[in-house]
Amino acid sequence: MSRYSNSSGIVTWRQRQVNGDLIVHLLTPEGQLRAVARRRSRATPPPIDLFQHVAVQIYRRPGEELGLLVQAQLEGALPTLAEPGRYPYAHLLTELADRLFVQGERAEAGYTLYAAALRGIAARPDARWVALVMAFKLLQGAGFLLQLRCSCCGSKEVVALAGLEPRCAACRGGAGLLAEGSREALQAMAAKTVRQLMEAPSQPQAALWRFLELLVLREVGPLRSLQLLPAQ
Amino acid sequence: MGTPSSLAQLIRELSRLPGIGPKSAQRLAYYLFGQPEQEVARLAEVLLAAKRDLHDCPRCFGVTDRELCEICSDPQRDAAQICVVEEPGDVLAIERSGEYRGLYHVLRGVISPMRGVGPGSLRIAALLERVVPGVEVILATSTTVEGEATSLYLQQELVPLGARVSRIAYGLPVGGALEYADEVTLGRALAGRQVVS
């Protein structure tokens, strides 16, 4: 088997080492790819930047997890992602996708969703709403579905949340009531397509963000970028 | 024959330094072993003195062994220009160019939410305190997406303070071949072209 392989994906992590080498994570349709780009002359830095779509050639010895990035060619970039109103959301989705789709059968769908999410954040005026929708869709794509039945009795009449556990009026106990419209908004998030959600943003978004935070914490663990989102 | 324990320890410690692998560490260890004792003692003293004396400049956050760094305390420098860079090493790089006579401000990083670095983690508040109306702030953060995002964030914060804000130019490196430049670099080089006649 050849030690060289070609791949194409989006840069999701980039860590400059003190010696000048660059550790890179790419999200590809086959899952996450990790490689090291050796230090090169300053005149020709490798065209590898966060959120860029690149085609790469990797050299990897059998059994090695970290390949050597031999060549890289830029295939696409979204410069508007650096804008203050978009940048924190691109980070959120990138950190989430990098955790969710390391490998496995869902990686291709995850890659497609993630690429669409970055394009949406880069182009649409309401990057915050795009990020919210696409974060839920990425979680759904990874198999973490929204549960909107009472976790005690299975009733569909959810009125409260105990942490992430939906509760009906009878089983509510001391759980906090959902804000008006939240249940419908959560249902819409689970059932509607991305296109439908983009055409008609749901309210109240604050409740959806809170629910997303809880869902991410439970299924993925803490995300640094989620803690640093601008307050709305 | 086994490696003497003190030599093995020296190799181990040297190989902990960034960019030094086990073989380089071994070569360095044998080199040091071959040096006169006073040379090795001098190196050790220099290392300790650097660690003991160096600290952040309280004004620009560069590295200094004085109360204020040489640049901040130099009355010949142009106080109407502040060049904002990411790391102390960037100051040395710009100084080597010989093209700049203003002051500096070192952010100590770039905004990167994924790494847990928000604007509050950087020396941005101290920069805003230094800026008075009319001062030119030259944003010399790197042209990576993190550097760009930090630069755009700073523009947002600086403009209301009445500062003149500029960004270092984008484009082709001197000596670089057009053929090997990526399309983003080329696009920016064309967008930022200068009239020569």
# chains A, B, ... in the order shown; residues from 1 in each chain; ligands from 1
>>> closest_atom_pairs(of="chain B", to="chain A", cutoff="10 Å", atoms="only C-alpha atoms", output="Markdown table")
| residue | atom | partner | partner_atom | distance |
| --- | --- | --- | --- | --- |
| B:Leu17 | CA | A:Val18 | CA | 9.3 |
| B:Pro18 | CA | A:Val18 | CA | 5.8 |
| B:Gly19 | CA | A:Asn19 | CA | 4.6 |
| B:Ile20 | CA | A:Asn19 | CA | 8.4 |
| B:Ile111 | CA | A:Pro88 | CA | 9.2 |
| B:Ser112 | CA | A:His91 | CA | 7.7 |
| B:Pro113 | CA | A:Ser225 | CA | 4.4 |
| B:Met114 | CA | A:Ser225 | CA | 4.8 |
| B:Arg115 | CA | A:Arg224 | CA | 6.5 |
| B:Gly116 | CA | A:Arg224 | CA | 5.0 |
| B:Val117 | CA | A:Leu228 | CA | 8.1 |
| B:Gly118 | CA | A:Leu228 | CA | 6.4 |
| B:Pro119 | CA | A:Leu228 | CA | 9.3 |
| B:Gly120 | CA | A:Leu228 | CA | 9.9 |
| B:Thr143 | CA | A:Asp49 | CA | 9.4 |
| B:Thr144 | CA | A:Asp49 | CA | 6.1 |
| B:Val145 | CA | A:Ala82 | CA | 5.7 |
| B:Glu146 | CA | A:Ala82 | CA | 7.1 |
| B:Gly147 | CA | A:Ala82 | CA | 8.6 |
| B:Glu148 | CA | A:Ala82 | CA | 5.9 |
| B:Ala149 | CA | A:Ala82 | CA | 4.4 |
| B:Thr150 | CA | A:Ala82 | CA | 8.2 |
| B:Ser151 | CA | A:Ala82 | CA | 9.0 |
| B:Leu152 | CA | A:Glu83 | CA | 6.4 |
| B:Tyr153 | CA | A:Pro84 | CA | 5.8 |
| B:Leu154 | CA | A:Pro84 | CA | 9.6 |
| B:Gln156 | CA | A:Pro84 | CA | 8.6 |
| B:Leu172 | CA | A:Ala43 | CA | 8.6 |
| B:Pro173 | CA | A:Ala43 | CA | 5.7 |
| B:Val174 | CA | A:Ala43 | CA | 7.4 |
| B:Gly175 | CA | A:Ala43 | CA | 7.2 |
| B:Gly176 | CA | A:Ala43 | CA | 5.9 |
| B:Ala177 | CA | A:Thr44 | CA | 9.0 |
| B:Tyr180 | CA | A:Thr44 | CA | 7.8 |
| B:Ala181 | CA | A:Thr44 | CA | 7.9 |
| B:Asp182 | CA | A:Leu74 | CA | 6.5 |
| B:Glu183 | CA | A:Leu74 | CA | 7.6 |
| B:Val184 | CA | A:Ala77 | CA | 7.5 |
| B:Thr185 | CA | A:Pro47 | CA | 9.3 |
>>> residues_around(residues="A:Gln187", least_positions_apart="2", cutoff="12 Å", atoms="only C-alpha atoms", output="MDAnalysis selection string")
chainID A and resid 136 145:149 156:158 181:185 189:193 197 202:203 208
>>> residues_around(residues="A:Gln71", least_positions_apart="5", cutoff="8 Å", atoms="only C-alpha atoms", output="ChimeraX atom specification")
/A:56-58
>>> write_last_selection(atoms="all heavy atoms", output="PDB file, in the first residue's frame")
ATOM      1  N   VAL A  56      -4.613  18.136  -0.116  1.00  0.00           N
ATOM      2  CA  VAL A  56      -3.302  17.850   0.461  1.00  0.00           C
ATOM      3  C   VAL A  56      -2.795  16.476   0.032  1.00  0.00           C
ATOM      4  O   VAL A  56      -3.584  15.585  -0.312  1.00  0.00           O
ATOM      5  CB  VAL A  56      -3.340  17.895   2.016  1.00  0.00           C
ATOM      6  CG1 VAL A  56      -3.622  19.285   2.518  1.00  0.00           C
ATOM      7  CG2 VAL A  56      -4.364  16.909   2.571  1.00  0.00           C
ATOM      8  N   GLN A  57      -1.492  16.344   0.058  1.00  0.00           N
ATOM      9  CA  GLN A  57      -0.887  15.025  -0.072  1.00  0.00           C
ATOM     10  C   GLN A  57      -0.176  14.732   1.248  1.00  0.00           C
ATOM     11  O   GLN A  57       0.590  15.555   1.749  1.00  0.00           O
ATOM     12  CB  GLN A  57       0.112  14.980  -1.230  1.00  0.00           C
ATOM     13  CG  GLN A  57       0.623  13.567  -1.470  1.00  0.00           C
ATOM     14  CD  GLN A  57       1.559  13.501  -2.661  1.00  0.00           C
ATOM     15  OE1 GLN A  57       2.571  14.178  -2.707  1.00  0.00           O
ATOM     16  NE2 GLN A  57       1.206  12.673  -3.627  1.00  0.00           N
ATOM     17  N   ILE A  58      -0.464  13.539   1.775  1.00  0.00           N
ATOM     18  CA  ILE A  58       0.076  13.163   3.080  1.00  0.00           C
ATOM     19  C   ILE A  58       0.975  11.935   2.920  1.00  0.00           C
ATOM     20  O   ILE A  58       0.615  10.989   2.206  1.00  0.00           O
ATOM     21  CB  ILE A  58      -1.077  12.793   4.067  1.00  0.00           C
ATOM     22  CG1 ILE A  58      -2.110  13.925   4.157  1.00  0.00           C
ATOM     23  CG2 ILE A  58      -0.542  12.409   5.431  1.00  0.00           C
ATOM     24  CD1 ILE A  58      -1.742  15.074   5.009  1.00  0.00           C
TER      25      ILE A  58
END
>>> residues_around(residues="B:Arg66", least_positions_apart="2", cutoff="12 Å", atoms="only C-alpha atoms", output="PDB file with N, CA and C atoms, in the first residue's frame")
ATOM      1  N   ALA B  50      18.873  35.793  32.506  1.00  0.00           N
ATOM      2  CA  ALA B  50      17.753  36.121  31.612  1.00  0.00           C
ATOM      3  C   ALA B  50      16.435  35.800  32.295  1.00  0.00           C
ATOM      4  N   ARG B  52      15.899  35.615  35.456  1.00  0.00           N
ATOM      5  CA  ARG B  52      15.715  36.454  36.641  1.00  0.00           C
ATOM      6  C   ARG B  52      15.330  37.886  36.265  1.00  0.00           C
ATOM      7  N   ASP B  53      15.952  38.434  35.222  1.00  0.00           N
ATOM      8  CA  ASP B  53      15.836  39.869  34.957  1.00  0.00           C
ATOM      9  C   ASP B  53      14.751  40.248  33.951  1.00  0.00           C
ATOM     10  N   LEU B  54      14.416  39.336  33.052  1.00  0.00           N
ATOM     11  CA  LEU B  54      13.475  39.731  31.988  1.00  0.00           C
ATOM     12  C   LEU B  54      12.034  39.750  32.509  1.00  0.00           C
ATOM     13  N   HIS B  55      11.308  40.742  32.050  1.00  0.00           N
ATOM     14  CA  HIS B  55       9.891  40.836  32.413  1.00  0.00           C
ATOM     15  C   HIS B  55       9.165  41.608  31.313  1.00  0.00           C
ATOM     16  N   ASP B  56       7.855  41.681  31.419  1.00  0.00           N
ATOM     17  CA  ASP B  56       7.073  42.420  30.420  1.00  0.00           C
ATOM     18  C   ASP B  56       7.250  43.923  30.634  1.00  0.00           C
ATOM     19  N   CYS B  57       7.396  44.649  29.548  1.00  0.00           N
ATOM     20  CA  CYS B  57       7.366  46.113  29.636  1.00  0.00           C
ATOM     21  C   CYS B  57       5.941  46.514  30.044  1.00  0.00           C
ATOM     22  N   PRO B  58       5.780  47.300  31.088  1.00  0.00           N
ATOM     23  CA  PRO B  58       4.417  47.609  31.544  1.00  0.00           C
ATOM     24  C   PRO B  58       3.618  48.468  30.560  1.00  0.00           C
ATOM     25  N   ARG B  59       4.310  49.071  29.574  1.00  0.00           N
ATOM     26  CA  ARG B  59       3.591  49.919  28.628  1.00  0.00           C
ATOM     27  C   ARG B  59       3.235  49.163  27.345  1.00  0.00           C
ATOM     28  N   GLY B  62       6.210  44.260  25.520  1.00  0.00           N
ATOM     29  CA  GLY B  62       7.359  43.561  24.961  1.00  0.00           C
ATOM     30  C   GLY B  62       8.202  43.028  26.109  1.00  0.00           C
ATOM     31  N   VAL B  63       9.341  42.444  25.791  1.00  0.00           N
ATOM     32  CA  VAL B  63      10.204  41.888  26.841  1.00  0.00           C
ATOM     33  C   VAL B  63      11.340  42.862  27.113  1.00  0.00           C
ATOM     34  N   THR B  64      11.635  43.065  28.393  1.00  0.00           N
ATOM     35  CA  THR B  64      12.704  43.999  28.756  1.00  0.00           C
ATOM     36  C   THR B  64      13.356  43.578  30.071  1.00  0.00           C
ATOM     37  N   LEU B  68      11.107  50.326  31.922  1.00  0.00           N
ATOM     38  CA  LEU B  68      10.408  50.442  30.636  1.00  0.00           C
ATOM     39  C   LEU B  68      11.353  49.927  29.563  1.00  0.00           C
ATOM     40  N   CYS B  69      10.828  49.359  28.495  1.00  0.00           N
ATOM     41  CA  CYS B  69      11.719  48.804  27.470  1.00  0.00           C
ATOM     42  C   CYS B  69      12.464  49.935  26.741  1.00  0.00           C
ATOM     43  N   GLU B  70      13.498  49.550  26.004  1.00  0.00           N
ATOM     44  CA  GLU B  70      14.327  50.542  25.308  1.00  0.00           C
ATOM     45  C   GLU B  70      13.503  51.388  24.343  1.00  0.00           C
ATOM     46  N   ILE B  71      12.558  50.773  23.689  1.00  0.00           N
ATOM     47  CA  ILE B  71      11.772  51.504  22.681  1.00  0.00           C
ATOM     48  C   ILE B  71      10.820  52.483  23.359  1.00  0.00           C
ATOM     49  N   CYS B  72      10.119  52.037  24.388  1.00  0.00           N
ATOM     50  CA  CYS B  72       9.163  52.929  25.080  1.00  0.00           C
ATOM     51  C   CYS B  72       9.889  54.101  25.757  1.00  0.00           C
ATOM     52  N   SER B  73      11.130  53.861  26.204  1.00  0.00           N
ATOM     53  CA  SER B  73      11.820  54.934  26.928  1.00  0.00           C
ATOM     54  C   SER B  73      12.698  55.798  26.015  1.00  0.00           C
TER      55      SER B  73
END
>>> closest_residue(among="A:Leu69, A:Val130, A:Arg61, A:Ala55", to="A:Arg39", atoms="only C-alpha atoms")
A:Leu69
>>> atom_distance(atom1="atom CA of A:Ala109", atom2="atom CA of A:Tyr59")
26.0 Å
>>> atom_distance(atom1="atom CA of B:Ala44", atom2="atom CA of B:Ser24")
19.0 Å
>>> select_by_dssp(residues="stretch 2-231 of chain A", states="helix (DSSP H, G or I)", output="ChimeraX atom specification")
/A:79-82,87-100,107-123,127-141,182-191,194-199,205-219,224-227
>>> residues_around(residues="B:Leu161", least_positions_apart="4", cutoff="8 Å", atoms="only C-alpha atoms", output="list in words")
Val131, Val132, Pro133 and Glu157 of chain B
>>> write_last_selection(atoms="N, CA, C and O atoms", output="mmCIF file, in the first residue's frame")
data_model
loop_
_atom_site.group_PDB
_atom_site.id
_atom_site.type_symbol
_atom_site.label_atom_id
_atom_site.label_comp_id
_atom_site.auth_asym_id
_atom_site.auth_seq_id
_atom_site.Cartn_x
_atom_site.Cartn_y
_atom_site.Cartn_z
ATOM 1 N N VAL B 131 -4.236 54.921 23.442
ATOM 2 C CA VAL B 131 -4.613 55.630 22.206
ATOM 3 C C VAL B 131 -5.290 56.960 22.515
ATOM 4 O O VAL B 131 -6.215 57.018 23.320
ATOM 5 N N VAL B 132 -4.777 58.009 21.882
ATOM 6 C CA VAL B 132 -5.422 59.328 21.976
ATOM 7 C C VAL B 132 -5.790 59.748 20.551
ATOM 8 O O VAL B 132 -5.201 59.252 19.586
ATOM 9 N N PRO B 133 -6.754 60.641 20.400
ATOM 10 C CA PRO B 133 -7.162 61.044 19.053
ATOM 11 C C PRO B 133 -5.971 61.530 18.220
ATOM 12 O O PRO B 133 -5.112 62.261 18.714
ATOM 13 N N GLU B 157 -12.829 48.749 17.719
ATOM 14 C CA GLU B 157 -12.626 49.383 19.020
ATOM 15 C C GLU B 157 -11.881 50.720 18.901
ATOM 16 O O GLU B 157 -12.100 51.622 19.703
#
>>> closest_residue(among="B:Ala49, B:Leu10, B:Ile94, B:Val165", to="B:Val137", atoms="only C-alpha atoms")
B:Val165
